[in-house]
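Undergrad: Handing over coords_35.cif, mmCIF, C-alpha atoms.
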data_work
#
loop_
_atom_site.label_atom_id
_atom_site.label_comp_id
_atom_site.auth_asym_id
_atom_site.auth_seq_id
_atom_site.Cartn_x
_atom_site.Cartn_y
_atom_site.Cartn_z
CA MET A 170 28.30 89.44 -5.49
CA LYS A 171 27.74 88.97 -1.77
CA SER A 172 26.81 92.04 0.23
CA LYS A 173 29.12 92.85 3.13
CA LYS A 174 26.04 93.97 5.04
CA THR A 175 24.74 90.39 5.27
CA SER A 176 27.98 88.50 5.81
CA VAL A 177 29.19 87.09 9.11
CA LEU A 178 32.27 89.00 10.20
CA ALA A 179 34.47 88.63 13.24
CA MET A 180 33.84 91.38 15.77
CA THR A 181 36.94 93.18 16.91
CA ALA A 182 35.32 95.44 19.50
CA ILE A 183 34.40 92.61 21.86
CA VAL A 184 36.88 90.84 24.11
CA ALA A 185 38.59 88.10 22.10
CA MET A 186 38.18 85.48 24.82
CA LEU A 187 34.40 85.48 24.80
CA ALA A 188 33.82 81.92 25.90
CA VAL A 189 35.89 78.86 26.55
CA VAL A 190 34.63 75.62 25.14
CA SER A 191 36.28 72.70 26.88
CA VAL A 192 35.65 69.31 25.32
CA ALA A 193 36.52 65.96 26.89
CA GLY A 194 35.76 62.46 25.65
CA ILE A 195 33.72 60.16 27.85
CA PRO A 196 34.40 56.40 27.65
CA GLU A 197 32.68 55.00 24.58
CA SER A 198 29.19 53.63 24.83
CA SER A 199 28.30 50.04 24.04
CA ALA A 200 27.26 51.18 20.56
CA ALA A 201 30.50 50.66 18.66
CA LYS A 202 30.39 53.88 16.65
CA THR A 203 28.88 56.28 19.21
CA LYS A 204 31.15 58.45 21.33
CA MET A 205 30.01 60.81 24.08
CA TYR A 206 31.64 64.13 24.97
CA GLU A 207 31.32 66.55 27.86
CA VAL A 208 31.38 70.12 26.58
CA THR A 209 31.77 72.93 29.11
CA ILE A 210 31.02 76.47 27.96
CA THR A 211 32.31 79.26 30.20
CA ASN A 212 31.54 82.95 29.67
CA LEU A 213 34.84 84.83 30.16
CA THR A 214 33.59 88.34 29.43
CA PRO A 215 33.40 90.96 32.18
CA GLY A 216 29.95 92.27 31.19
CA GLN A 217 28.38 90.41 28.25
CA PRO A 218 25.74 87.73 28.95
CA ILE A 219 25.13 85.09 26.28
CA THR A 220 21.88 83.28 25.53
CA PRO A 221 21.48 79.56 26.28
CA PRO A 222 24.07 77.82 24.09
CA LEU A 223 23.20 75.74 21.05
CA LEU A 224 25.62 72.84 20.46
CA VAL A 225 25.61 70.59 17.40
CA THR A 226 27.72 67.57 16.47
CA HIS A 227 27.96 66.81 12.79
CA ALA A 228 29.95 65.72 9.77
CA LYS A 229 32.82 67.98 8.70
CA ASP A 230 30.85 69.91 6.07
CA ALA A 231 27.57 70.28 8.01
CA GLY A 232 28.41 73.34 10.16
CA PHE A 233 26.00 76.27 10.38
CA PHE A 234 28.02 79.42 9.73
CA THR A 235 31.16 80.45 7.90
CA VAL A 236 33.09 83.66 8.48
CA GLY A 237 32.72 85.93 5.46
CA LYS A 238 29.67 84.08 4.11
CA MET A 239 26.12 85.36 4.14
CA ALA A 240 24.35 84.78 7.48
CA ASN A 241 21.51 82.29 7.07
CA ASN A 242 18.07 82.94 8.58
CA GLY A 243 18.85 80.69 11.56
CA ILE A 244 21.99 82.63 12.52
CA GLN A 245 20.15 85.91 11.91
CA GLN A 246 17.33 84.95 14.29
CA LEU A 247 19.79 83.75 16.92
CA ALA A 248 22.00 86.86 16.65
CA GLU A 249 19.16 89.41 16.55
CA ASN A 250 16.57 87.87 18.86
CA GLY A 251 18.26 85.06 20.77
CA ASN A 252 15.84 82.67 19.06
CA PRO A 253 17.58 79.37 18.20
CA GLU A 254 14.46 77.62 16.84
CA PRO A 255 14.87 78.54 13.11
CA LEU A 256 18.48 77.33 13.29
CA VAL A 257 17.45 74.11 15.07
CA GLU A 258 14.72 73.49 12.43
CA MET A 259 17.24 74.07 9.63
CA LEU A 260 19.73 71.66 11.23
CA GLN A 261 17.13 68.95 11.88
CA GLY A 262 16.51 68.71 8.14
CA LYS A 263 20.19 68.70 7.16
CA SER A 264 22.17 65.54 6.46
CA GLY A 265 25.27 64.90 8.54
CA ILE A 266 23.78 66.17 11.83
CA VAL A 267 24.25 63.79 14.77
CA ASP A 268 23.15 65.64 17.92
CA ILE A 269 21.55 69.00 18.74
CA VAL A 270 21.70 70.14 22.36
CA GLN A 271 20.20 73.39 23.65
CA GLY A 272 20.97 75.08 26.94
CA THR A 273 18.08 76.35 29.03
CA VAL A 274 19.54 79.40 30.79
CA PRO A 275 21.83 82.28 29.77
CA LEU A 276 25.47 82.25 30.82
CA ILE A 277 26.40 85.49 32.51
CA PRO A 278 29.79 86.97 33.42
CA ALA A 279 31.42 85.47 36.52
CA ASN A 280 30.95 88.69 38.52
CA ASP A 281 27.16 88.32 38.00
CA PRO A 282 26.26 91.93 37.19
CA GLY A 283 22.67 92.44 38.28
CA ASN A 284 22.90 89.66 40.89
CA THR A 285 20.93 87.21 38.73
CA GLY A 286 22.15 84.10 40.51
CA LEU A 287 22.80 82.51 37.11
CA SER A 288 26.02 80.65 36.35
CA HIS A 289 28.84 81.69 34.05
CA SER A 290 29.56 78.08 33.05
CA GLU A 291 27.59 74.99 32.08
CA THR A 292 28.49 71.46 31.00
CA PHE A 293 26.59 69.57 28.30
CA VAL A 294 26.85 66.01 26.97
CA VAL A 295 26.81 65.53 23.20
CA SER A 296 27.24 62.43 21.07
CA SER A 297 28.97 61.73 17.78
CA GLU A 298 28.95 58.79 15.41
CA GLY A 299 31.60 57.32 13.15
CA ASN A 300 33.46 60.06 11.27
CA MET A 301 30.81 62.67 12.15
CA ARG A 302 32.87 64.07 15.02
CA TYR A 303 32.73 67.83 14.61
CA LEU A 304 31.28 70.39 17.01
CA SER A 305 29.67 73.77 16.36
CA PHE A 306 28.27 76.15 18.97
CA ALA A 307 26.44 79.50 18.91
CA SER A 308 24.89 81.92 21.44
CA MET A 309 23.56 85.44 21.04
CA LEU A 310 25.62 88.22 22.60
CA VAL A 311 22.74 89.65 24.60
CA CYS A 312 23.96 93.26 24.72
CA THR A 313 24.27 93.64 20.94
CA ASN A 314 21.73 94.03 18.19
CA ASP A 315 23.04 91.20 15.97
CA GLY A 316 26.16 89.76 17.58
CA PHE A 317 26.82 86.14 18.46
CA ALA A 318 29.56 83.95 19.87
CA GLY A 319 30.46 80.70 18.21
CA ILE A 320 32.72 78.02 16.91
CA ASP A 321 32.12 76.18 13.66
CA SER A 322 33.20 72.67 12.71
CA VAL A 323 35.90 71.98 15.31
CA LYS A 324 37.05 68.35 15.29
CA LEU A 325 36.19 66.61 18.56
CA PRO A 326 39.31 65.45 20.43
CA ILE A 327 40.44 62.04 21.58
CA LYS A 328 41.15 63.32 25.11
CA GLN A 329 40.60 67.03 25.90
CA LEU A 330 40.66 70.32 24.04
CA THR A 331 40.10 73.95 25.01
CA ILE A 332 38.81 76.36 22.38
CA TYR A 333 38.34 80.12 22.74
CA ALA A 334 35.19 81.09 20.86
CA GLU A 335 35.09 84.22 18.75
CA ALA A 336 32.51 86.98 18.69
CA TYR A 337 30.84 87.70 15.35
CA ASP A 338 28.60 90.35 13.86
CA ALA A 339 25.89 88.74 11.73
CA ARG A 340 25.72 92.06 9.82
CA THR A 341 21.96 91.71 9.44
CA GLU A 342 21.12 94.96 11.26
CA MET A 343 22.65 98.43 11.43
CA ASN A 344 24.87 98.75 14.50
CA THR A 345 23.40 101.95 15.96
CA GLU A 346 24.59 101.27 19.52
CA ASP A 347 21.59 103.35 20.64
CA PHE A 348 19.95 102.52 23.96
CA ALA A 349 16.62 102.10 22.12
CA ASP A 350 18.09 99.25 20.05
CA MET A 351 19.35 97.20 23.01
CA VAL A 352 17.43 94.70 25.09
CA PRO A 353 16.27 95.94 28.53
CA PRO A 354 18.87 94.13 30.72
CA CYS A 355 21.69 95.94 28.89
#
What does the file become when written as structure tokens?
TA:
Amino acid sequence: MKSKKTSVLAMTAIVAMLAVVSVAGIPESSAAKTKMYEVTITNLTPGQPITPPLLVTHAKDAGFFTVGKMANNGIQQLAENGNPEPLVEMLQGKSGIVDIVQGTVPLIPANDPGNTGLSHSETFVVSSEGNMRYLSFASMLVCTNDGFAGIDSVKLPIKQLTIYAEAYDARTEMNTEDFADMVPPC
């Protein structure tokens, strides 16, 4: 029996439109089976920064989280600490993974609370091959103890697609909401 404490559940307390993921195909490369995509991630929240995004293209069944299933160590580390490396290592050893792209800076709300000078949107280029044309994305919700934003196994479009990412609670830590349990910027 799976424990509810360690399952990934959709968060209802956070704004539903956490991030917009806009995906557009780029003309195919000379490699017959490789297709390139521009993926733009935009933080739509009024006050919740997200860590540098992690984007992965893969086969249909090679995603990295499932709502209601137990959070793996990679998702736990990302959601609790903003550390994508365990998830990246897990994905590098998994069959069906085509491309792993990591952002380098957090995406903050458009009103830039704290005057960081950071952007609320960033565009990435990812590749896919053959029938391995699915996209997953995850970022830590900075002002939570184990929350993350993400999409899992969305089929890449022929032209353009806009997806509103959900916010999830990894359920790997007690949600105390105490100041002592939040990171300093929050």
Undergrad: Between A:Asn212, A:Ser288, A:Thr226, A:Thr341, which one has atoms that come closest to Ile269 (chain A), using all atoms listed in the file?
TA: A:Thr226
Undergrad: Just the number, please: distance in Å from CA of Gly265 (chain A) to CA of Lys328 (chain A), one decimal.
TA: 23.0 Å
Undergrad: Could you name the residues that touch region 300-305 of chain A at 6 Å or less, counting only C-alpha atoms, but leaving out those on the same chain fewer than 3 positions away, as a PDB file with C-alpha atoms, in the coordinates of the input?
TA:
ATOM      1  CA  LEU A 224      25.620  72.840  20.460  1.00  0.00           C
ATOM      2  CA  VAL A 225      25.610  70.590  17.400  1.00  0.00           C
ATOM      3  CA  THR A 226      27.720  67.570  16.470  1.00  0.00           C
ATOM      4  CA  HIS A 227      27.960  66.810  12.790  1.00  0.00           C
ATOM      5  CA  ALA A 228      29.950  65.720   9.770  1.00  0.00           C
ATOM      6  CA  LYS A 229      32.820  67.980   8.700  1.00  0.00           C
ATOM      7  CA  SER A 297      28.970  61.730  17.780  1.00  0.00           C
ATOM      8  CA  ILE A 320      32.720  78.020  16.910  1.00  0.00           C
ATOM      9  CA  ASP A 321      32.120  76.180  13.660  1.00  0.00           C
ATOM     10  CA  SER A 322      33.200  72.670  12.710  1.00  0.00           C
ATOM     11  CA  VAL A 323      35.900  71.980  15.310  1.00  0.00           C
ATOM     12  CA  LYS A 324      37.050  68.350  15.290  1.00  0.00           C
ATOM     13  CA  LEU A 325      36.190  66.610  18.560  1.00  0.00           C
TER      14      LEU A 325
END
Undergrad: For a quick check of understanding, using all atoms listed in the file, which of A:Pro222, A:Pro253, A:Gly316, A:Pro278 has the smallest distance to Phe293 (chain A)?
TA: A:Pro222
Undergrad: Within 9 Å of (21.8, 80.7, 36.3) (file coordinates; all atoms listed in the file), which protein or nucleic acid residues are there? I'd like them as a PDB file with C-alpha atoms, keeping the file's coordinate frame.
TA:
ATOM      1  CA  VAL A 274      19.540  79.400  30.790  1.00  0.00           C
ATOM      2  CA  PRO A 275      21.830  82.280  29.770  1.00  0.00           C
ATOM      3  CA  LEU A 276      25.470  82.250  30.820  1.00  0.00           C
ATOM      4  CA  ILE A 277      26.400  85.490  32.510  1.00  0.00           C
ATOM      5  CA  THR A 285      20.930  87.210  38.730  1.00  0.00           C
ATOM      6  CA  GLY A 286      22.150  84.100  40.510  1.00  0.00           C
ATOM      7  CA  LEU A 287      22.800  82.510  37.110  1.00  0.00           C
ATOM      8  CA  SER A 288      26.020  80.650  36.350  1.00  0.00           C
ATOM      9  CA  HIS A 289      28.840  81.690  34.050  1.00  0.00           C
ATOM     10  CA  SER A 290      29.560  78.080  33.050  1.00  0.00           C
TER      11      SER A 290
END
Undergrad: As an exercise, work out the distance from CA of Asp338 (chain A) to CA of Leu310 (chain A) in Å and give it to one decimal place.
TA: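 If I compute the distance from CA of Asp338 (chain A) to CA of Leu310 (chain A), I get 9.5 Å.
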Undergrad: Pick out the closest residue to Ala248 (chain A) from this set: A:Leu260, A:Ala307, A:Cys355, A:Ile210. Count all atoms listed in the file.
TA: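 Counting all atoms listed in the file, the residue closest to Ala248 (chain A) is A:Ala307.
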